[in-house]
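What's in work_28.tsv: TSV, C-alpha atoms and all ligand atoms
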chain	number	residue	atom	x	y	z
T	21	MET	CA	23.49	17.21	10.39
T	22	GLN	CA	21.38	14.47	8.89
T	23	GLN	CA	21.32	12.65	12.25
T	24	THR	CA	20.28	15.78	14.13
T	25	GLU	CA	17.45	16.41	11.70
T	26	THR	CA	16.38	12.77	11.95
T	27	ALA	CA	16.34	12.87	15.75
T	28	ARG	CA	14.29	16.06	15.78
T	29	GLN	CA	11.64	14.60	13.50
T	30	ALA	CA	11.40	11.20	15.17
T	31	VAL	CA	8.13	10.42	16.92
T	32	PRO	CA	6.79	7.10	18.27
T	33	PRO	CA	4.40	5.35	15.88
T	34	SER	CA	0.77	6.34	16.46
T	35	GLY	CA	-1.06	3.53	14.66
T	36	LEU	CA	-0.91	0.89	11.96
T	37	SER	CA	-1.54	0.77	8.24
T	38	PRO	CA	-1.34	-2.46	6.22
T	39	SER	CA	1.90	-1.35	4.54
T	40	ARG	CA	3.70	-0.49	7.75
T	41	ALA	CA	2.42	-3.65	9.48
T	42	GLY	CA	3.86	-5.54	6.51
T	43	ASP	CA	7.17	-3.68	6.88
T	44	PHE	CA	7.56	-4.73	10.51
T	45	LEU	CA	6.73	-8.35	9.73
T	46	THR	CA	9.18	-8.37	6.82
T	47	CYS	CA	12.02	-6.57	8.59
T	48	PRO	CA	11.73	-4.65	11.89
T	49	LEU	CA	14.70	-2.45	10.96
T	50	LEU	CA	12.97	-1.40	7.74
T	51	TYR	CA	9.92	-0.43	9.81
T	52	ARG	CA	12.08	1.62	12.20
T	53	LEU	CA	13.92	3.47	9.42
T	54	ARG	CA	10.66	4.33	7.66
T	55	VAL	CA	8.31	5.03	10.55
T	56	ILE	CA	10.53	6.32	13.36
T	57	ASP	CA	13.70	7.69	11.71
T	58	LYS	CA	11.69	8.72	8.64
T	59	LEU	CA	14.69	8.36	6.38
T	60	PRO	CA	13.96	9.70	2.90
T	61	GLU	CA	13.45	7.26	0.02
T	62	PRO	CA	14.03	8.40	-3.56
T	63	PRO	CA	11.09	7.93	-5.95
T	64	SER	CA	11.18	4.79	-8.08
T	65	GLN	CA	9.85	4.32	-11.58
T	66	ALA	CA	7.84	1.24	-10.57
T	67	ALA	CA	6.13	2.84	-7.56
T	68	THR	CA	5.42	6.05	-9.47
T	69	ARG	CA	3.93	4.10	-12.36
T	70	GLY	CA	1.63	2.45	-9.82
T	71	THR	CA	0.58	5.84	-8.46
T	72	LEU	CA	-0.08	7.10	-12.00
T	73	VAL	CA	-2.20	4.09	-13.00
T	74	HIS	CA	-4.19	4.37	-9.76
T	75	ALA	CA	-4.80	8.07	-10.49
T	76	VAL	CA	-6.09	7.30	-14.00
T	77	LEU	CA	-8.40	4.56	-12.71
T	78	GLU	CA	-9.73	6.92	-10.06
T	79	ARG	CA	-10.35	9.79	-12.49
T	80	LEU	CA	-11.91	7.58	-15.16
T	81	PHE	CA	-15.00	7.27	-12.97
T	82	ASP	CA	-15.50	11.06	-13.17
T	83	HIS	CA	-16.82	10.35	-16.66
T	84	PRO	CA	-20.28	8.97	-17.49
T	85	ALA	CA	-20.38	5.18	-17.78
T	86	GLY	CA	-20.53	5.16	-21.58
T	87	GLU	CA	-17.35	7.23	-21.82
T	88	ARG	CA	-15.18	4.97	-19.64
T	89	THR	CA	-13.37	3.50	-22.61
T	90	PRO	CA	-9.77	2.34	-23.03
T	91	GLN	CA	-9.21	5.37	-25.26
T	92	ARG	CA	-10.45	7.75	-22.54
T	93	ALA	CA	-8.15	6.08	-19.99
T	94	LEU	CA	-5.15	6.58	-22.31
T	95	GLU	CA	-6.11	10.24	-22.78
T	96	LEU	CA	-5.97	10.69	-19.01
T	97	LEU	CA	-2.44	9.31	-18.70
T	98	ARG	CA	-0.37	12.36	-19.72
T	99	PRO	CA	-2.48	14.94	-17.84
T	100	GLN	CA	-2.35	12.80	-14.68
T	101	TRP	CA	1.45	12.46	-15.04
T	102	GLU	CA	1.72	16.25	-15.37
T	103	ARG	CA	-0.52	16.72	-12.33
T	104	LEU	CA	1.68	14.34	-10.31
T	105	LEU	CA	4.79	16.24	-11.41
T	106	GLY	CA	3.16	19.48	-10.29
T	107	GLU	CA	2.36	18.03	-6.86
T	108	ARG	CA	5.69	16.25	-6.43
T	109	PRO	CA	8.40	18.03	-8.45
T	110	GLU	CA	11.00	15.51	-7.22
T	111	LEU	CA	9.45	12.94	-9.61
T	112	ALA	CA	11.15	14.81	-12.48
T	113	GLU	CA	14.39	13.14	-11.23
T	114	LEU	CA	13.09	9.86	-12.65
T	115	PHE	CA	13.53	11.16	-16.21
T	116	PRO	CA	15.99	14.07	-15.99
T	117	GLY	CA	15.86	16.23	-19.10
T	118	ALA	CA	12.72	14.57	-20.47
T	119	ASP	CA	10.39	17.44	-19.61
T	120	GLY	CA	11.17	19.31	-22.85
T	121	GLY	CA	9.34	16.53	-24.68
T	122	GLY	CA	12.07	16.22	-27.36
T	123	ALA	CA	14.20	13.25	-28.36
T	124	GLY	CA	17.06	11.84	-26.27
T	125	GLU	CA	17.52	8.93	-23.92
T	126	ALA	CA	15.44	10.38	-21.05
T	127	ALA	CA	12.53	11.18	-23.35
T	128	GLU	CA	12.68	7.64	-24.74
T	129	GLN	CA	12.74	6.21	-21.20
T	130	LEU	CA	9.71	8.31	-20.29
T	131	ALA	CA	7.90	7.13	-23.44
T	132	ARG	CA	8.66	3.47	-22.56
T	133	TRP	CA	7.53	4.00	-18.99
T	134	LEU	CA	4.25	5.55	-20.16
T	135	ALA	CA	3.80	2.68	-22.64
T	136	ASP	CA	4.13	0.22	-19.73
T	137	ALA	CA	1.46	2.16	-17.86
T	138	GLU	CA	-0.75	1.91	-20.97
T	139	LYS	CA	-0.35	-1.88	-20.93
T	140	LEU	CA	-1.48	-2.01	-17.29
T	141	LEU	CA	-4.55	0.05	-18.14
T	142	ALA	CA	-5.34	-2.20	-21.12
T	143	GLN	CA	-5.07	-5.19	-18.79
T	144	TRP	CA	-7.56	-3.62	-16.40
T	145	PHE	CA	-10.17	-3.37	-19.16
T	146	ARG	CA	-9.75	-7.11	-19.74
T	147	LEU	CA	-10.45	-7.78	-16.04
T	148	GLU	CA	-13.22	-5.30	-15.23
T	149	ASP	CA	-15.87	-3.40	-17.18
T	150	PRO	CA	-16.08	0.16	-15.82
T	151	THR	CA	-19.26	0.88	-17.78
T	152	ARG	CA	-21.04	-1.52	-15.38
T	153	LEU	CA	-19.53	-0.12	-12.17
T	154	GLU	CA	-20.62	2.88	-10.09
T	155	PRO	CA	-18.20	3.10	-7.16
T	156	VAL	CA	-19.51	4.91	-4.12
T	157	GLU	CA	-15.97	5.79	-3.07
T	158	ARG	CA	-12.56	6.03	-4.70
T	159	GLU	CA	-9.25	6.44	-2.83
T	160	LEU	CA	-11.19	6.39	0.43
T	161	TYR	CA	-9.20	7.24	3.56
T	162	VAL	CA	-10.38	5.01	6.40
T	163	GLU	CA	-9.43	5.20	10.05
T	164	THR	CA	-10.72	3.71	13.24
T	165	VAL	CA	-9.59	3.40	16.85
T	166	LEU	CA	-10.10	-0.03	18.40
T	167	ASP	CA	-11.32	-0.39	22.00
T	168	SER	CA	-7.71	-1.06	22.98
T	169	GLY	CA	-6.72	2.41	21.68
T	170	LEU	CA	-4.91	1.06	18.59
T	171	LYS	CA	-5.49	3.30	15.59
T	172	LEU	CA	-5.83	1.59	12.20
T	173	ARG	CA	-5.77	3.52	8.94
T	174	GLY	CA	-5.30	3.22	5.22
T	175	TYR	CA	-6.61	4.02	1.76
T	176	ILE	CA	-9.06	1.81	-0.12
T	177	ASP	CA	-8.84	2.16	-3.90
T	178	ARG	CA	-12.52	1.56	-4.61
T	179	VAL	CA	-15.72	0.79	-2.70
T	180	ASP	CA	-18.66	-0.69	-4.64
T	181	VAL	CA	-22.13	-1.14	-3.17
T	182	ALA	CA	-24.58	-3.54	-4.87
T	183	PRO	CA	-28.24	-2.50	-5.29
T	184	THR	CA	-28.95	-5.03	-2.52
T	185	GLY	CA	-26.59	-3.13	-0.18
T	186	GLU	CA	-23.63	-5.53	-0.15
T	187	VAL	CA	-20.25	-3.80	0.06
T	188	ARG	CA	-17.19	-4.78	-1.98
T	189	LEU	CA	-13.71	-3.37	-1.25
T	190	VAL	CA	-11.37	-3.33	-4.25
T	191	ASP	CA	-7.62	-2.77	-4.46
T	192	TYR	CA	-5.58	-2.45	-7.66
T	193	LYS	CA	-2.11	-3.96	-7.79
T	194	THR	CA	0.21	-3.05	-10.64
T	195	GLY	CA	2.39	-6.08	-10.00
T	196	ARG	CA	1.60	-9.65	-10.97
T	197	ALA	CA	-0.58	-11.93	-8.82
T	198	PRO	CA	1.37	-13.83	-6.14
T	199	SER	CA	1.64	-17.59	-6.11
T	200	ARG	CA	-0.94	-19.48	-4.04
T	201	ASP	CA	1.55	-19.61	-1.14
T	202	PHE	CA	1.58	-15.81	-0.88
T	203	GLU	CA	-2.08	-15.13	-1.71
T	204	GLY	CA	-3.03	-15.05	1.98
T	205	LYS	CA	-0.38	-12.46	2.74
T	206	ALA	CA	-1.74	-10.21	-0.02
T	207	MET	CA	-5.33	-10.69	1.16
T	208	PHE	CA	-4.31	-9.75	4.71
T	209	GLN	CA	-4.25	-6.10	3.59
T	210	MET	CA	-7.88	-6.38	2.44
T	211	LYS	CA	-8.94	-8.04	5.69
T	212	PHE	CA	-7.27	-5.14	7.51
T	213	TYR	CA	-9.43	-2.70	5.51
T	214	ALA	CA	-12.52	-4.82	6.09
T	215	LEU	CA	-11.87	-4.71	9.84
T	216	VAL	CA	-11.51	-0.91	9.74
T	217	VAL	CA	-14.78	-0.50	7.81
T	218	TRP	CA	-16.56	-2.94	10.10
T	219	ARG	CA	-15.38	-1.23	13.29
T	220	TRP	CA	-15.84	2.25	11.82
T	221	LYS	CA	-19.20	1.96	10.08
T	222	GLY	CA	-20.60	-1.23	11.58
T	223	VAL	CA	-20.78	-2.73	8.08
T	224	LEU	CA	-19.18	-6.09	7.32
T	225	PRO	CA	-17.94	-5.99	3.69
T	226	LYS	CA	-19.32	-8.88	1.70
T	227	ARG	CA	-16.37	-9.21	-0.67
T	228	LEU	CA	-12.69	-8.26	-0.78
T	229	GLN	CA	-11.14	-8.09	-4.22
T	230	LEU	CA	-7.57	-7.70	-5.43
T	231	VAL	CA	-7.18	-6.78	-9.11
T	232	TYR	CA	-3.68	-7.60	-10.41
T	233	LEU	CA	-2.74	-5.71	-13.57
T	234	GLY	CA	0.79	-7.10	-14.02
T	235	GLY	CA	1.77	-10.35	-15.73
T	236	GLY	CA	-1.24	-12.11	-17.23
T	237	GLY	CA	-3.62	-10.18	-14.93
T	238	ASP	CA	-5.83	-11.77	-12.30
T	239	VAL	CA	-8.68	-11.05	-9.90
T	240	VAL	CA	-8.53	-12.64	-6.44
T	241	SER	CA	-11.61	-12.44	-4.22
T	242	TYR	CA	-12.43	-13.42	-0.67
T	243	ASP	CA	-15.66	-13.23	1.33
T	244	PRO	CA	-14.78	-12.54	4.98
T	245	ASP	CA	-16.92	-13.35	7.99
T	246	GLU	CA	-16.94	-11.87	11.48
T	247	ALA	CA	-14.70	-14.61	12.87
T	248	ASP	CA	-12.09	-13.77	10.20
T	249	LEU	CA	-12.04	-10.13	11.12
T	250	ARG	CA	-11.94	-10.80	14.87
T	251	SER	CA	-8.92	-12.98	14.24
T	252	VAL	CA	-7.25	-10.20	12.22
T	253	GLU	CA	-7.98	-7.80	15.08
T	254	ARG	CA	-6.34	-10.13	17.62
T	255	LYS	CA	-3.29	-10.49	15.42
T	256	LEU	CA	-2.98	-6.73	14.93
T	257	LEU	CA	-3.19	-6.18	18.68
T	258	ALA	CA	-0.43	-8.74	19.23
T	259	LEU	CA	1.66	-7.10	16.51
T	260	TRP	CA	1.13	-3.66	18.06
T	261	GLU	CA	2.32	-5.03	21.41
T	262	THR	CA	5.44	-6.41	19.74
T	263	ILE	CA	6.08	-3.07	18.02
T	264	GLY	CA	5.59	-1.30	21.37
T	265	ARG	CA	8.30	-3.47	22.93
T	266	ALA	CA	10.66	-2.75	20.04
T	267	VAL	CA	10.01	1.00	20.41
T	268	ALA	CA	10.67	0.81	24.16
T	269	THR	CA	13.91	-1.14	23.78
T	270	GLY	CA	15.16	0.26	20.47
T	271	GLU	CA	15.62	-3.32	19.22
T	272	PHE	CA	14.63	-3.54	15.57
T	273	PRO	CA	16.62	-6.42	14.08
T	274	ALA	CA	17.49	-6.38	10.38
T	275	THR	CA	15.92	-9.42	8.74
T	276	ARG	CA	17.13	-10.39	5.28
T	277	ASN	CA	14.30	-11.07	2.89
T	278	ARG	CA	13.51	-11.25	-0.81
T	279	LEU	CA	12.89	-7.49	-0.99
T	280	CYS	CA	16.37	-6.50	0.29
T	281	ASP	CA	17.62	-5.99	-3.28
T	282	TRP	CA	15.16	-3.11	-3.67
T	283	CYS	CA	15.60	-1.67	-0.16
T	284	ASP	CA	16.70	1.99	-0.10
T	285	HIS	CA	18.31	1.55	3.31
T	286	GLN	CA	21.15	-0.88	2.72
T	287	ALA	CA	23.64	1.83	3.78
T	288	SER	CA	21.95	1.85	7.23
T	289	CYS	CA	21.62	-1.93	7.44
T	290	PRO	CA	24.07	-4.24	9.26
T	291	GLU	CA	23.13	-7.06	6.87
T	292	PHE	CA	24.81	-5.03	4.12
T	293	GLY	CA	27.74	-3.68	6.15
T	294	GLY	CA	25.93	-0.45	7.09
T	295	THR	CA	25.13	1.12	10.46
T	296	PRO	CA	21.70	2.41	11.49
T	297	PRO	CA	21.56	6.00	12.76
T	298	PRO	CA	21.52	6.37	16.57
T	299	TYR	CA	18.12	5.37	17.92
T	300	PRO	CA	16.25	8.66	18.20
T	301	LEU	CA	13.61	7.78	20.85
T	302	PRO	CA	14.06	7.36	24.61
T	303	ILE	CA	14.72	3.75	25.65
T	304	THR	CA	12.37	2.78	28.44
T	305	GLY	CA	13.28	-0.91	28.32
T	306	LEU	CA	10.21	-3.11	28.75
T	307	PRO	CA	10.97	-6.80	29.35
T	308	PRO	CA	10.66	-8.91	26.20
T	309	GLN	CA	7.54	-11.06	25.88
T	310	LYS	CA	6.00	-13.11	23.08
T	311	THR	CA	6.89	-12.12	19.53
T	312	VAL	CA	4.67	-12.05	16.45
T	313	THR	CA	6.45	-13.52	13.44
T	314	SER	CA	3.61	-14.03	10.96
T	315	MET	CA	0.17	-12.59	10.34
T	316	THR	CA	-0.88	-15.04	7.70
T	317	SER	CA	-0.94	-18.50	9.19
T	318	LYS	CA	-4.33	-20.24	9.45
T	319	GLU	CA	-6.62	-17.24	8.83
T	320	SER	CA	-5.09	-16.28	5.52
T	401	LIG	S1	18.25	-4.23	3.34
T	401	LIG	FE1	16.85	-5.91	3.94
T	401	LIG	S2	17.48	-6.44	6.02
T	401	LIG	FE2	18.32	-4.41	5.57
T	401	LIG	S3	16.81	-2.92	6.32
T	401	LIG	FE3	16.38	-3.27	4.15
T	401	LIG	S4	14.83	-4.92	4.18
T	401	LIG	FE4	15.82	-4.93	6.19
As structure tokens, how would this structure be written, given the file I've shared?
Ligand code: SF4
Amino acid sequence: MQQTETARQAVPPSGLSPSRAGDFLTCPLLYRLRVIDKLPEPPSQAATRGTLVHAVLERLFDHPAGERTPQRALELLRPQWERLLGERPELAELFPGADGGGAGEAAEQLARWLADAEKLLAQWFRLEDPTRLEPVERELYVETVLDSGLKLRGYIDRVDVAPTGEVRLVDYKTGRAPSRDFEGKAMFQMKFYALVVWRWKGVLPKRLQLVYLGGGGDVVSYDPDEADLRSVERKLLALWETIGRAVATGEFPATRNRLCDWCDHQASCPEFGGTPPPYPLPITGLPPQKTVTSMTSKES
């Protein structure tokens, strides 16, 4: 039954987002199970906390500059959690029985989880001063179609424009900052967004900024130039070609990586003794050509 439903829903991928591009580069099977088979993934406390903190940071800018205080951010936390629960009732599974607001283990877990979200918000106020910011966009959906026909899309957490017209793209991360070795990989996502904005609006963002709220907190910035973004475009086109060959052949190898421990699809993964569902798309069988294995060398 599950397989039949999966096959009915399966459609070939229609474009790229930074997250799904990252999935394919990390593990092609993970990409297939998420994008093509669309296997469900249960909500996680960590990801949901990230969504909640993002929602509070977005809504905080509804208030006049002088009212964007740490206290106001904390006051937004509970109402935003309740709004999320209303939109996605399945999130209640994270803390079963905690909705009554009484005592008990689930209620304590929820309280600890909210306290962790409070710490992330407090960290943000140490890194940025929202009374001095006037974003022109928050949670901006961006999409563009390259000349090749490849569609790129994603959400940018915040867009700031300086009085002199320079554009800054900002993304919040609720995890800790990566080591120097992985900084380029993280910034790749921002270059992806910069390329979309450039191709979409004809504006080259002046600065890309990642704001890490986990660990000791950190802000990582990068000023891209046209050559950078052209290089990202070439790499995305090569990646899209590689994905197209995988779609045509049904070959999406499982690739063990440091995120396997958190992968929801171990039961469908040969690396963990599982079996993927039958491939749900027609196999047209293009001959294999060059393969993209990394997006971050040199340009990152
Ligand atoms: S468990 Fe690891 S190797 Fe298997 S699908 Fe998930 S990410 Fe890929």
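Nearest to ligand LIG 401 (chain T) of all the residues T:Pro290, T:Gly270, T:Pro298, T:Gly70 is T:Pro290, based on all atoms listed in the file.
In this model, the gap between CA of Arg146 in chain T and CA of Leu104 in chain T comes to 26.1 Å.
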(message) What's around range 83-87 of chain T at 9 Å? Count only C-alpha atoms, leave out sequence neighbours fewer than 5 positions away in its own chain, and write the answer as number ranges by chain.
(response) T: 92, 150-154
Restrict the selected residues to C-alpha atoms and save them as a compact mmCIF listing (two decimals), in the frame of the given file.
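again36.txt was written with the following content:
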# COMPACT_ATOMS: atom_id res chain seq x y z
CA ARG T 92 -10.45 7.75 -22.54
CA PRO T 150 -16.08 0.16 -15.82
CA THR T 151 -19.26 0.88 -17.78
CA ARG T 152 -21.04 -1.52 -15.38
CA LEU T 153 -19.53 -0.12 -12.17
CA GLU T 154 -20.62 2.88 -10.09
(request) Using all atoms listed in the file, find each protein or nucleic acid residue lying at most 9 Å from ligand LIG 401 (chain T); present the set as a ChimeraX atom specification. (result) /T:43,46-53,273-292,294,296
(message) Given all atoms listed in the file as the basis, pick out the residue of T:Gly117, T:Pro38, T:Pro225, T:Pro297 nearest to Ala206 in chain T.
(response) T:Pro38
Compile the contact shell of Glu113 in chain T as a PDB file with C-alpha atoms, in the frame of the given file: residues with an atom at most 12 Å away, counting only C-alpha atoms, same-chain residues fewer than 6 positions apart removed.
ATOM      1  CA  PRO T  62      14.030   8.400  -3.560  1.00  0.00           C
ATOM      2  CA  PRO T  63      11.090   7.930  -5.950  1.00  0.00           C
ATOM      3  CA  SER T  64      11.180   4.790  -8.080  1.00  0.00           C
ATOM      4  CA  GLN T  65       9.850   4.320 -11.580  1.00  0.00           C
ATOM      5  CA  THR T  68       5.420   6.050  -9.470  1.00  0.00           C
ATOM      6  CA  LEU T 105       4.790  16.240 -11.410  1.00  0.00           C
ATOM      7  CA  ASP T 119      10.390  17.440 -19.610  1.00  0.00           C
ATOM      8  CA  ALA T 126      15.440  10.380 -21.050  1.00  0.00           C
ATOM      9  CA  LEU T 130       9.710   8.310 -20.290  1.00  0.00           C
TER      10      LEU T 130
END
(request) Choose the residue, out of T:Val156, T:Ala75, T:Leu301, T:Val252, that has the smallest atom-to-atom separation from Arg103 in chain T; count only C-alpha atoms. (result) T:Ala75
(request) Can you work out the spacing between CA of Ser241 in chain T and CA of Leu228 in chain T in Å, to one decimal? (result) 5.5 Å
